[in-house]
file work.txt (compact mmCIF, C-alpha atoms)
# COMPACT_ATOMS: atom_id res chain seq x y z
CA MET C 1 77.74 -149.17 -105.75
CA PHE C 2 78.17 -145.52 -106.87
CA GLN C 3 81.71 -145.42 -105.41
CA LYS C 4 82.85 -143.59 -108.52
CA ILE C 5 80.57 -140.61 -109.03
CA PRO C 6 78.93 -140.66 -112.50
CA GLU C 7 79.10 -137.36 -114.41
CA ILE C 8 75.31 -137.05 -114.57
CA LEU C 9 75.14 -137.09 -110.76
CA LEU C 10 77.65 -134.26 -110.57
CA SER C 11 75.78 -132.07 -113.03
CA GLN C 12 72.16 -133.00 -112.23
CA GLN C 13 71.69 -133.56 -108.53
CA ASP C 14 67.90 -133.65 -108.89
CA VAL C 15 68.28 -136.71 -111.12
CA ALA C 16 70.61 -138.31 -108.58
CA LEU C 17 68.21 -137.68 -105.72
CA HIS C 18 65.33 -139.14 -107.72
CA ILE C 19 67.41 -142.29 -108.27
CA PHE C 20 68.38 -142.44 -104.60
CA SER C 21 64.72 -142.20 -103.55
CA PHE C 22 64.22 -145.74 -104.90
CA LEU C 23 67.05 -147.21 -102.80
CA ASP C 24 66.65 -148.97 -99.47
CA LEU C 25 67.88 -147.37 -96.27
CA ASN C 26 70.96 -149.59 -95.93
CA THR C 27 72.16 -148.55 -99.38
CA ILE C 28 71.50 -144.89 -98.61
CA TYR C 29 73.41 -145.22 -95.34
CA ASN C 30 76.37 -146.71 -97.20
CA LEU C 31 76.21 -143.91 -99.76
CA ASN C 32 76.55 -141.41 -96.92
CA LEU C 33 79.73 -143.16 -95.86
CA THR C 34 81.15 -143.53 -99.39
CA ASN C 35 82.27 -139.97 -99.99
CA HIS C 36 81.61 -136.39 -99.00
CA PHE C 37 79.73 -135.55 -102.20
CA TYR C 38 76.94 -138.04 -101.50
CA TYR C 39 76.83 -137.05 -97.84
CA LYS C 40 76.48 -133.36 -98.68
CA MET C 41 73.84 -134.01 -101.34
CA LEU C 42 71.72 -136.20 -99.02
CA SER C 43 72.11 -133.80 -96.10
CA GLY C 44 70.67 -130.79 -97.89
CA GLN C 45 67.03 -129.78 -97.75
CA GLN C 46 66.32 -131.09 -101.22
CA GLY C 47 67.99 -134.42 -100.47
CA ASP C 48 66.21 -134.72 -97.13
CA ARG C 49 62.80 -134.17 -98.72
CA CYS C 50 63.36 -136.18 -101.91
CA VAL C 51 65.08 -139.22 -100.36
CA TYR C 52 64.26 -139.45 -96.65
CA GLY C 53 60.85 -137.82 -97.09
CA SER C 54 59.97 -140.40 -99.73
CA ILE C 55 60.83 -143.22 -97.31
CA VAL C 56 58.77 -141.60 -94.55
CA PHE C 57 55.80 -141.35 -96.92
CA HIS C 58 56.22 -145.00 -97.96
CA LEU C 59 56.17 -146.16 -94.32
CA PHE C 60 53.21 -143.90 -93.61
CA SER C 61 51.25 -145.32 -96.56
CA THR C 62 52.15 -148.96 -95.97
CA PHE C 63 49.74 -149.41 -93.06
CA LEU C 64 46.77 -147.51 -94.47
CA GLN C 65 43.80 -149.23 -96.03
CA GLU C 66 43.56 -146.45 -98.60
CA LYS C 67 45.98 -143.67 -99.51
CA THR C 68 44.42 -140.40 -98.46
CA MET C 69 47.20 -138.05 -99.54
CA LYS C 70 49.66 -137.71 -102.37
CA GLU C 71 53.33 -137.64 -101.43
CA ASP C 72 53.86 -133.90 -101.97
CA GLU C 73 50.76 -133.08 -99.93
CA PHE C 74 51.94 -135.32 -97.10
CA LEU C 75 55.48 -133.90 -97.06
CA GLN C 76 54.18 -130.34 -96.98
CA MET C 77 51.88 -131.20 -94.06
CA VAL C 78 54.75 -132.73 -92.08
CA GLN C 79 57.11 -129.81 -92.75
CA LYS C 80 54.54 -127.36 -91.39
CA GLN C 81 54.45 -129.07 -87.97
CA ASP C 82 55.99 -127.08 -85.13
CA ASN C 83 58.36 -129.85 -84.07
CA PHE C 84 59.64 -130.64 -87.57
CA THR C 85 63.43 -130.72 -87.98
CA SER C 86 64.07 -133.10 -90.88
CA PHE C 87 62.69 -136.27 -92.42
CA LYS C 88 65.95 -137.98 -91.60
CA ASP C 89 65.37 -137.21 -87.91
CA ILE C 90 61.85 -138.66 -88.16
CA LEU C 91 63.25 -141.89 -89.59
CA GLU C 92 66.03 -142.13 -87.02
CA GLU C 93 63.55 -141.67 -84.17
CA PHE C 94 61.26 -144.36 -85.56
CA PHE C 95 64.01 -146.93 -85.97
CA ILE C 96 65.79 -146.19 -82.70
CA LYS C 97 62.87 -145.50 -80.39
CA PRO C 98 59.40 -145.93 -81.92
CA PHE C 99 57.79 -145.64 -78.48
CA THR C 100 58.78 -143.90 -75.27
CA LYS C 101 57.82 -145.63 -72.04
CA GLN C 102 56.17 -143.59 -69.31
CA LYS C 103 55.38 -144.76 -65.82
CA TYR C 104 51.85 -144.15 -64.65
CA ASN C 105 52.33 -142.46 -61.27
CA SER C 106 49.11 -140.58 -60.62
CA GLU C 107 48.09 -140.07 -57.01
CA ALA C 108 44.98 -142.20 -57.57
CA PHE C 109 47.14 -145.08 -58.86
CA LYS C 110 49.49 -144.77 -55.89
CA ARG C 111 46.59 -145.00 -53.45
CA TYR C 112 45.13 -147.93 -55.40
CA SER C 113 48.46 -149.79 -55.36
CA ASN C 114 49.02 -149.07 -51.66
CA ALA C 115 45.63 -150.68 -50.98
CA ASP C 116 46.91 -153.85 -52.72
CA GLY C 117 45.28 -153.24 -56.07
CA VAL C 118 46.79 -155.69 -58.54
CA VAL C 119 46.51 -153.95 -61.92
CA ASP C 120 49.86 -152.96 -63.47
CA ILE C 121 49.90 -150.08 -65.93
CA LEU C 122 52.45 -148.73 -68.38
CA LEU C 123 51.99 -145.85 -70.81
CA TRP C 124 53.67 -145.52 -74.20
CA LYS C 125 54.01 -142.39 -76.33
CA PRO C 126 54.51 -142.85 -80.11
CA CYS C 127 57.31 -141.26 -82.10
CA VAL C 128 56.52 -138.59 -84.70
CA LEU C 129 56.07 -141.07 -87.56
CA LEU C 130 53.73 -143.34 -85.58
CA ASP C 131 51.87 -140.26 -84.39
CA LEU C 132 51.31 -139.29 -88.04
CA ILE C 133 50.17 -142.82 -88.84
CA TYR C 134 47.74 -142.97 -85.92
CA GLN C 135 46.20 -139.66 -86.91
CA GLN C 136 44.74 -141.81 -89.70
CA PHE C 137 43.39 -144.29 -87.15
CA ASN C 138 40.08 -145.05 -88.88
CA ASN C 139 41.99 -145.77 -92.08
CA LEU C 140 44.61 -148.05 -90.50
CA LYS C 141 44.81 -151.71 -91.40
CA GLU C 142 43.33 -153.73 -88.56
CA ASP C 143 46.21 -156.20 -88.50
CA PHE C 144 48.69 -153.35 -88.05
CA LYS C 145 46.79 -152.12 -84.98
CA ILE C 146 46.92 -155.62 -83.48
CA LYS C 147 50.64 -156.09 -84.16
CA VAL C 148 51.48 -152.74 -82.55
CA PHE C 149 49.51 -153.77 -79.47
CA LYS C 150 51.31 -157.11 -79.38
CA TYR C 151 54.67 -155.34 -79.64
CA LEU C 152 53.81 -153.09 -76.69
CA LEU C 153 52.43 -155.97 -74.66
CA ILE C 154 55.77 -157.79 -75.01
CA LEU C 155 57.73 -154.69 -74.07
CA SER C 156 55.49 -154.02 -71.06
CA ILE C 157 55.62 -157.52 -69.61
CA ASN C 158 58.93 -159.15 -70.24
CA HIS C 159 61.47 -156.62 -69.10
CA ASN C 160 61.14 -157.97 -65.55
CA TYR C 161 60.47 -161.67 -66.06
CA TYR C 162 62.61 -164.55 -67.21
CA VAL C 163 60.87 -166.75 -69.74
CA PHE C 164 61.93 -170.19 -70.89
CA ARG C 165 61.71 -171.00 -74.55
CA ASN C 166 59.00 -173.50 -75.38
CA GLU C 167 60.77 -176.80 -76.06
CA ASN C 168 60.04 -178.78 -79.20
CA GLU C 169 60.68 -182.43 -79.88
CA ASN C 170 62.46 -181.61 -83.10
CA ASP C 171 66.00 -180.78 -82.00
CA ASP C 172 67.03 -179.78 -85.50
CA GLU C 173 64.45 -177.02 -85.82
CA LEU C 174 65.85 -173.65 -86.73
CA PHE C 175 65.03 -170.69 -84.57
CA THR C 176 65.68 -166.99 -84.66
CA SER C 177 66.80 -165.06 -81.61
CA PHE C 178 66.57 -161.31 -81.08
CA ASN C 179 68.72 -159.76 -78.38
CA ILE C 180 66.62 -156.86 -77.19
CA SER C 181 66.78 -154.20 -74.54
CA PHE C 182 63.75 -152.81 -72.76
CA ASP C 183 65.35 -149.84 -71.06
CA SER C 184 65.56 -146.36 -72.53
CA GLN C 185 68.88 -146.95 -74.27
CA PRO C 186 68.66 -147.23 -78.08
CA ARG C 187 70.64 -150.47 -78.22
CA PRO C 188 70.79 -152.54 -81.42
CA ILE C 189 69.01 -155.87 -81.66
CA SER C 190 71.18 -158.77 -82.80
CA LEU C 191 69.51 -161.32 -85.05
CA PHE C 192 70.74 -164.91 -84.76
CA TYR C 193 69.71 -168.31 -86.01
CA SER C 194 71.01 -171.80 -85.38
CA LYS C 195 70.21 -175.38 -86.37
CA ASP C 196 70.78 -176.51 -82.82
CA LYS C 197 68.09 -174.86 -80.74
CA LYS C 198 69.78 -175.96 -77.50
CA THR C 199 72.89 -173.97 -78.31
CA TYR C 200 73.22 -170.95 -76.04
CA PRO C 201 74.00 -168.44 -77.31
CA PRO C 202 73.11 -169.20 -80.93
CA LEU C 203 76.03 -169.82 -83.23
CA VAL C 204 75.37 -167.63 -86.24
CA LYS C 205 74.94 -163.88 -86.09
CA GLU C 206 72.87 -162.85 -89.07
CA LYS C 207 72.46 -159.08 -88.75
CA THR C 208 71.69 -156.31 -86.31
CA LEU C 209 68.27 -154.76 -86.04
CA ASN C 210 66.87 -151.89 -84.06
CA ALA C 211 63.54 -151.37 -82.34
CA GLY C 212 61.81 -149.96 -85.41
CA GLN C 213 62.98 -152.81 -87.64
CA LEU C 214 61.74 -155.28 -85.04
CA LEU C 215 58.32 -153.62 -85.09
CA LEU C 216 58.25 -153.77 -88.90
CA HIS C 217 59.17 -157.48 -88.79
CA MET C 218 56.35 -158.09 -86.33
CA THR C 219 53.78 -156.43 -88.57
CA ASN C 220 54.04 -159.40 -90.92
CA ASP C 221 54.91 -162.05 -88.30
CA PHE C 222 58.52 -162.21 -89.56
CA ASN C 223 57.36 -163.71 -92.86
CA ASP C 224 59.84 -161.52 -94.73
CA PHE C 225 62.73 -162.97 -92.76
CA ILE C 226 61.41 -166.52 -93.15
CA LYS C 227 61.04 -165.96 -96.88
CA GLU C 228 64.56 -164.56 -97.07
CA LYS C 229 65.94 -167.70 -95.39
CA LYS C 230 63.76 -170.00 -97.52
CA ASP C 231 62.96 -172.14 -94.51
CA GLU C 232 59.47 -172.26 -93.00
CA ASN C 233 60.78 -173.90 -89.80
CA ILE C 234 62.50 -170.74 -88.63
CA ARG C 235 60.74 -169.26 -85.63
CA PRO C 236 61.53 -166.00 -83.80
CA VAL C 237 62.66 -166.06 -80.20
CA PHE C 238 63.10 -162.83 -78.24
CA ARG C 239 66.11 -162.86 -75.95
CA ASN C 240 68.01 -160.57 -73.66
CA ASP C 241 70.20 -161.27 -70.63
CA TYR C 242 67.18 -162.24 -68.54
CA PHE C 243 64.70 -164.14 -70.67
CA GLU C 244 63.80 -165.93 -73.86
CA LEU C 245 60.39 -165.74 -75.46
CA ASP C 246 59.03 -167.84 -78.30
CA TYR C 247 57.12 -165.30 -80.39
CA ASN C 248 54.86 -168.01 -81.78
CA LEU C 249 53.46 -168.65 -78.30
CA ILE C 250 51.82 -165.23 -78.35
CA ASN C 251 48.81 -166.22 -80.39
CA ASP C 252 46.20 -163.88 -81.79
CA GLN C 253 43.39 -165.05 -79.51
CA TYR C 254 42.15 -161.60 -78.66
CA SER C 255 38.78 -159.89 -78.53
CA ASN C 256 37.80 -156.36 -79.49
CA GLY C 257 35.70 -154.00 -77.47
CA SER C 258 35.70 -151.95 -74.33
CA VAL C 259 36.84 -154.04 -71.38
CA ASP C 260 37.25 -152.76 -67.82
CA ILE C 261 40.29 -154.41 -66.28
CA PHE C 262 39.52 -152.80 -62.91
CA VAL C 263 36.27 -154.79 -62.82
CA GLN C 264 38.05 -157.96 -63.96
CA ALA C 265 40.68 -157.56 -61.23
CA SER C 266 38.40 -156.20 -58.49
CA ASP C 267 38.55 -159.31 -56.29
CA PRO C 268 42.18 -160.50 -56.00
CA PRO C 269 43.03 -163.49 -53.76
CA TYR C 270 43.93 -161.38 -50.70
CA GLY C 271 41.33 -158.72 -51.39
CA ILE C 272 41.84 -154.96 -51.51
CA ARG C 273 42.46 -153.37 -48.12
CA ALA C 274 40.39 -150.22 -48.70
CA ASN C 275 37.49 -148.91 -50.69
CA VAL C 276 39.14 -147.74 -53.90
CA THR C 277 35.99 -146.83 -55.81
CA ASP C 278 37.01 -143.18 -56.06
CA GLU C 279 40.55 -144.08 -57.09
CA VAL C 280 39.35 -146.45 -59.83
CA SER C 281 36.93 -143.83 -61.12
CA GLU C 282 39.74 -141.27 -61.22
CA MET C 283 42.09 -143.66 -63.02
CA ARG C 284 39.44 -144.49 -65.61
CA SER C 285 39.05 -140.77 -66.26
CA GLU C 286 42.81 -140.21 -66.48
CA LEU C 287 43.52 -143.17 -68.75
CA TYR C 288 40.44 -143.68 -70.87
CA SER C 289 38.91 -140.23 -71.26
CA GLY C 290 37.22 -139.54 -74.56
CA ASP C 291 34.81 -141.60 -76.64
CA ASN C 292 37.18 -143.10 -79.18
CA CYS C 293 39.44 -145.39 -77.16
CA TYR C 294 40.29 -148.59 -79.00
CA SER C 295 40.97 -151.64 -76.82
CA ILE C 296 42.01 -155.26 -77.26
CA ASP C 297 41.54 -157.92 -74.57
CA TRP C 298 44.45 -160.43 -74.61
CA LYS C 299 43.12 -162.65 -71.82
CA ASN C 300 42.58 -165.64 -74.11
CA CYS C 301 46.07 -165.50 -75.59
CA VAL C 302 47.55 -166.78 -72.31
CA THR C 303 46.85 -170.40 -71.36
CA GLU C 304 48.83 -173.12 -69.60
CA THR C 305 50.14 -174.33 -72.97
CA THR C 306 50.83 -170.84 -74.34
CA CYS C 307 52.19 -169.12 -71.25
CA TRP C 308 54.88 -166.88 -72.70
CA SER C 309 56.00 -165.14 -69.50
CA GLN C 310 56.39 -166.09 -65.86
CA TYR C 311 54.40 -162.94 -65.14
CA TRP C 312 51.29 -164.95 -66.04
CA ASP C 313 52.17 -168.06 -63.98
CA ALA C 314 50.61 -166.80 -60.75
CA GLY C 315 47.27 -165.95 -62.32
CA LEU C 316 47.12 -169.21 -64.26
CA ASP C 317 47.24 -171.05 -60.93
CA TRP C 318 43.54 -170.27 -60.40
CA TRP C 319 42.67 -166.57 -60.10
CA GLY C 320 43.06 -165.55 -63.74
CA VAL C 321 45.20 -163.47 -66.07
CA TYR C 322 44.15 -160.18 -67.62
CA GLY C 323 45.73 -157.98 -70.26
CA ILE C 324 44.19 -154.99 -71.99
CA THR C 325 45.94 -152.80 -74.56
CA THR C 326 44.32 -149.48 -75.44
CA TYR C 327 44.99 -146.58 -77.75
CA ASN C 328 43.53 -143.29 -76.56
CA PRO C 329 43.52 -140.80 -79.47
CA THR C 330 42.49 -137.95 -77.16
CA THR C 331 45.77 -138.15 -75.25
CA ASN C 332 47.73 -139.86 -78.06
CA THR C 333 48.75 -142.55 -75.57
CA PHE C 334 49.00 -146.33 -75.69
CA ILE C 335 48.02 -148.00 -72.41
CA VAL C 336 49.01 -151.51 -71.37
CA ALA C 337 47.10 -152.71 -68.29
CA THR C 338 47.73 -156.21 -66.94
CA ALA C 339 47.03 -158.30 -63.85
CA SER C 340 48.21 -161.71 -62.69
CA THR C 341 48.41 -162.85 -59.09
CA SER C 342 47.71 -165.75 -56.74
CA ASP C 343 47.60 -166.64 -53.06
call {"tool": "encode", "arguments": {"input": "work.txt", "output": "structure tokens"}}
result
Amino acid sequence: MFQKIPEILLSQQDVALHIFSFLDLNTIYNLNLTNHFYYKMLSGQQGDRCVYGSIVFHLFSTFLQEKTMKEDEFLQMVQKQDNFTSFKDILEEFFIKPFTKQKYNSEAFKRYSNADGVVDILLWKPCVLLDLIYQQFNNLKEDFKIKVFKYLLILSINHNYYVFRNENENDDELFTSFNISFDSQPRPISLFYSKDKKTYPPLVKEKTLNAGQLLLHMTNDFNDFIKEKKDENIRPVFRNDYFELDYNLINDQYSNGSVDIFVQASDPPYGIRANVTDEVSEMRSELYSGDNCYSIDWKNCVTETTCWSQYWDAGLDWWGVYGITTYNPTTNTFIVATASTSD
């Protein structure tokens, strides 16, 4: 497509850029590689705003209940931000690394953990695009909020635990496998599917994804991929070198509202060796300061029949499993707090 440059594109670049703004990212990427003319046109300020800016605005608007800004107004707002470089950079960051993981290493948490406290905590910072989206928090679609939390819950739990795929009696069932990496490296995600679910690794490589594409797939429970394959039996399975995870096991049995995981996990099987009241109070202040924290309790999504990680096995024995995901708009931080242990 467009390998031979039409005359109108040579003489009227604004027309060309308007046409390009309707293309998908893969086509635009291929245009960049086709010849130097397209690359130069798309790399300029006008091309960046008209083409990549339009895609950024589309992604921004997709998850809002109501559009609050026109495209030009939105683009001007973004360009005025101190950290703005280009709309292309915003897109690249979203697709390569939508969230940055941060360890929670406060002194209060260290003392709590040293006293055998059992709550595990990871913090996640959103990329620029997700930051812009979450500035519209009260206007976000509720399902999008839940899917983002589910995405972060998976990333927070399974990077350390091997998980077996849930077996099904139907050996001919198709499944989809995503090779994913949970470290800081922006590795691609390979998408596979196979008619023989016992085949390891799967036989057919369909395409490569990245972290942002995976998040976008999750926002509609992979229905776009299932529709593309015209087979409702396809199911997604997350895989890396250490585990497999049947996405369908992570059900949407969650509850809204403010939940205190430190109260839920205050009496672990072996007890806590010291009085950590002050530490817990300090952690609550550090993590959940402000009045507008939004939390989801995932406790009910983990049962003996829907245990999607060995992390939960210990708690399912008898003590309990706890998982709270929170967005704190005051600190612009996503918090994943979990607990699962046994004697």
call {"tool": "closest_residue", "arguments": {"input": "work.txt", "among": "C:Ile261, C:Cys293, C:Leu152, C:Met218", "to": "Val321 in chain C", "atoms": "all atoms listed in the file"}}
result
C:Ile261
call {"tool": "atom_distance", "arguments": {"input": "work.txt", "atom1": "CA of Gln310 in chain C", "atom2": "CA of Thr341 in chain C"}}
result
11.0 Å
call {"tool": "residues_around", "arguments": {"input": "work.txt", "residues": "range 134-146 of chain C", "least_positions_apart": "2", "cutoff": "12 Å", "atoms": "all atoms listed in the file", "output": "VMD selection string"}}
result
chain C and resid 60 to 69 125 to 132 148 to 153 215 to 221 250 to 256 292 to 298 324 to 334
call {"tool": "atom_distance", "arguments": {"input": "work.txt", "atom1": "CA of Glu228 in chain C", "atom2": "CA of Phe99 in chain C"}}
result
27.4 Å
call {"tool": "atom_distance", "arguments": {"input": "work.txt", "atom1": "CA of Gly212 in chain C", "atom2": "CA of Glu92 in chain C"}}
result
9.0 Å
call {"tool": "residues_around", "arguments": {"input": "work.txt", "residues": "Ala115 in chain C", "least_positions_apart": "6", "cutoff": "9 Å", "atoms": "only C-alpha atoms", "output": "NGL selection string"}}
result
:C and (272-276)
call {"tool": "write_last_selection", "arguments": {"input": "work.txt", "atoms": "C-alpha atoms", "output": "mmCIF file, in the frame of the given file"}}
result
data_model
loop_
_atom_site.group_PDB
_atom_site.id
_atom_site.type_symbol
_atom_site.label_atom_id
_atom_site.label_comp_id
_atom_site.auth_asym_id
_atom_site.auth_seq_id
_atom_site.Cartn_x
_atom_site.Cartn_y
_atom_site.Cartn_z
ATOM 1 C CA ILE C 272 41.840 -154.960 -51.510
ATOM 2 C CA ARG C 273 42.460 -153.370 -48.120
ATOM 3 C CA ALA C 274 40.390 -150.220 -48.700
ATOM 4 C CA ASN C 275 37.490 -148.910 -50.690
ATOM 5 C CA VAL C 276 39.140 -147.740 -53.900
#
call {"tool": "residues_around", "arguments": {"input": "work.txt", "residues": "range 72-76 of chain C", "least_positions_apart": "6", "cutoff": "8 Å", "atoms": "all atoms listed in the file", "output": "list of chain:residue names"}}
result
C:Arg49, C:Gly53, C:Phe57
call {"tool": "closest_residue", "arguments": {"input": "work.txt", "among": "C:Ile226, C:Ala314, C:Cys307, C:Ile133", "to": "Leu59 in chain C", "atoms": "all atoms listed in the file"}}
result
C:Ile133
call {"tool": "axis_aligned_box", "arguments": {"input": "work.txt", "around": "range 154-157 of chain C", "padding_each_side": "5 Å", "output": "AutoDock Vina command-line options"}}
result
--center_x 56.6 --center_y -155.9 --center_z -72.3 --size_x 12.2 --size_y 13.8 --size_z 15.4
call {"tool": "closest_residue", "arguments": {"input": "work.txt", "among": "C:Asp120, C:Glu304, C:Glu107, C:Asp224", "to": "Phe262 in chain C", "atoms": "all atoms listed in the file"}}
result
C:Asp120
call {"tool": "closest_residue", "arguments": {"input": "work.txt", "among": "C:Ser106, C:Ile157, C:Leu122, C:Lys229", "to": "Ser285 in chain C", "atoms": "all atoms listed in the file"}}
result
C:Ser106
call {"tool": "residues_near_point", "arguments": {"input": "work.txt", "point": "(42.1, -160.7, -64.6)", "cutoff": "6 Å", "atoms": "all atoms listed in the file", "output": "NGL selection string"}}
result
:C and (264-265 or 320-322 or 339)
call {"tool": "closest_residue", "arguments": {"input": "work.txt", "among": "C:Tyr39, C:Phe95, C:Tyr112, C:Phe225", "to": "Met283 in chain C", "atoms": "only C-alpha atoms"}}
result
C:Tyr112
call {"tool": "closest_residue", "arguments": {"input": "work.txt", "among": "C:Gly323, C:Val263, C:Val51, C:Pro269", "to": "Tyr38 in chain C", "atoms": "all atoms listed in the file"}}
result
C:Val51
call {"tool": "residues_near_point", "arguments": {"input": "work.txt", "point": "(67.6, -139.6, -86.5)", "cutoff": "12 Å", "atoms": "all atoms listed in the file", "output": "JSON, numbers by chain"}}
result
{"C": [29, 48, 52, 85, 86, 87, 88, 89, 90, 91, 92, 93, 94, 95, 96, 97, 98, 127, 128, 129, 186, 212]}
call {"tool": "write_last_selection", "arguments": {"input": "work.txt", "atoms": "C-alpha atoms", "output": "PDB file, in the frame of the given file"}}
result
ATOM      1  CA  TYR C  29      73.410-145.220 -95.340  1.00  0.00           C
ATOM      2  CA  ASP C  48      66.210-134.720 -97.130  1.00  0.00           C
ATOM      3  CA  TYR C  52      64.260-139.450 -96.650  1.00  0.00           C
ATOM      4  CA  THR C  85      63.430-130.720 -87.980  1.00  0.00           C
ATOM      5  CA  SER C  86      64.070-133.100 -90.880  1.00  0.00           C
ATOM      6  CA  PHE C  87      62.690-136.270 -92.420  1.00  0.00           C
ATOM      7  CA  LYS C  88      65.950-137.980 -91.600  1.00  0.00           C
ATOM      8  CA  ASP C  89      65.370-137.210 -87.910  1.00  0.00           C
ATOM      9  CA  ILE C  90      61.850-138.660 -88.160  1.00  0.00           C
ATOM     10  CA  LEU C  91      63.250-141.890 -89.590  1.00  0.00           C
ATOM     11  CA  GLU C  92      66.030-142.130 -87.020  1.00  0.00           C
ATOM     12  CA  GLU C  93      63.550-141.670 -84.170  1.00  0.00           C
ATOM     13  CA  PHE C  94      61.260-144.360 -85.560  1.00  0.00           C
ATOM     14  CA  PHE C  95      64.010-146.930 -85.970  1.00  0.00           C
ATOM     15  CA  ILE C  96      65.790-146.190 -82.700  1.00  0.00           C
ATOM     16  CA  LYS C  97      62.870-145.500 -80.390  1.00  0.00           C
ATOM     17  CA  PRO C  98      59.400-145.930 -81.920  1.00  0.00           C
ATOM     18  CA  CYS C 127      57.310-141.260 -82.100  1.00  0.00           C
ATOM     19  CA  VAL C 128      56.520-138.590 -84.700  1.00  0.00           C
ATOM     20  CA  LEU C 129      56.070-141.070 -87.560  1.00  0.00           C
ATOM     21  CA  PRO C 186      68.660-147.230 -78.080  1.00  0.00           C
ATOM     22  CA  GLY C 212      61.810-149.960 -85.410  1.00  0.00           C
TER      23      GLY C 212
END
call {"tool": "decode", "arguments": {"input": "work.txt", "residues": "range 28-83 of chain C", "atoms": "C-alpha atoms", "output": "mmCIF file, in the first residue's frame"}}
result
data_model
loop_
_atom_site.group_PDB
_atom_site.id
_atom_site.type_symbol
_atom_site.label_atom_id
_atom_site.label_comp_id
_atom_site.auth_asym_id
_atom_site.auth_seq_id
_atom_site.Cartn_x
_atom_site.Cartn_y
_atom_site.Cartn_z
ATOM 1 C CA ILE C 28 1.580 3.461 9.686
ATOM 2 C CA TYR C 29 4.605 1.516 10.922
ATOM 3 C CA ASN C 30 4.959 -0.133 7.519
ATOM 4 C CA LEU C 31 4.647 3.249 5.814
ATOM 5 C CA ASN C 32 7.595 4.467 7.880
ATOM 6 C CA LEU C 33 9.629 1.570 6.533
ATOM 7 C CA THR C 34 8.467 1.936 2.916
ATOM 8 C CA ASN C 35 10.485 4.973 1.918
ATOM 9 C CA HIS C 36 12.175 8.059 3.274
ATOM 10 C CA PHE C 37 9.432 10.425 2.098
ATOM 11 C CA TYR C 38 6.775 8.833 4.314
ATOM 12 C CA TYR C 39 9.201 8.572 7.216
ATOM 13 C CA LYS C 40 10.126 12.255 6.991
ATOM 14 C CA MET C 41 6.496 13.343 6.649
ATOM 15 C CA LEU C 42 5.358 11.289 9.667
ATOM 16 C CA SER C 43 8.340 12.386 11.761
ATOM 17 C CA GLY C 44 7.668 16.096 11.481
ATOM 18 C CA GLN C 45 5.658 18.077 14.000
ATOM 19 C CA GLN C 46 2.622 18.245 11.750
ATOM 20 C CA GLY C 47 2.735 14.510 11.069
ATOM 21 C CA ASP C 48 3.238 13.715 14.750
ATOM 22 C CA ARG C 49 0.214 15.776 15.777
ATOM 23 C CA CYS C 50 -2.083 14.827 12.889
ATOM 24 C CA VAL C 51 -1.365 11.080 12.803
ATOM 25 C CA TYR C 52 0.056 9.931 16.147
ATOM 26 C CA GLY C 53 -1.843 12.588 18.092
ATOM 27 C CA SER C 54 -5.094 11.399 16.526
ATOM 28 C CA ILE C 55 -4.374 7.832 17.673
ATOM 29 C CA VAL C 56 -3.535 9.026 21.183
ATOM 30 C CA PHE C 57 -6.831 10.928 21.320
ATOM 31 C CA HIS C 58 -8.744 7.872 20.072
ATOM 32 C CA LEU C 59 -7.246 5.680 22.815
ATOM 33 C CA PHE C 60 -7.905 8.386 25.384
ATOM 34 C CA SER C 61 -11.563 8.672 24.344
ATOM 35 C CA THR C 62 -12.219 4.944 24.028
ATOM 36 C CA PHE C 63 -12.451 4.348 27.769
ATOM 37 C CA LEU C 64 -14.467 7.422 28.721
ATOM 38 C CA GLN C 65 -18.185 7.312 29.371
ATOM 39 C CA GLU C 66 -18.569 10.701 27.713
ATOM 40 C CA LYS C 67 -16.161 12.723 25.592
ATOM 41 C CA THR C 68 -15.200 15.799 27.569
ATOM 42 C CA MET C 69 -12.832 17.394 25.061
ATOM 43 C CA LYS C 70 -12.564 17.848 21.335
ATOM 44 C CA GLU C 71 -9.451 16.469 19.670
ATOM 45 C CA ASP C 72 -7.727 19.826 19.109
ATOM 46 C CA GLU C 73 -8.367 20.862 22.704
ATOM 47 C CA PHE C 74 -6.947 17.576 23.979
ATOM 48 C CA LEU C 75 -3.827 17.743 21.794
ATOM 49 C CA GLN C 76 -3.104 21.303 22.872
ATOM 50 C CA MET C 77 -3.444 20.304 26.538
ATOM 51 C CA VAL C 78 -1.006 17.407 26.112
ATOM 52 C CA GLN C 79 1.551 19.505 24.222
ATOM 53 C CA LYS C 80 1.618 22.061 27.045
ATOM 54 C CA GLN C 81 2.724 19.456 29.610
ATOM 55 C CA ASP C 82 6.285 19.840 30.876
ATOM 56 C CA ASN C 83 7.306 16.290 30.009
#
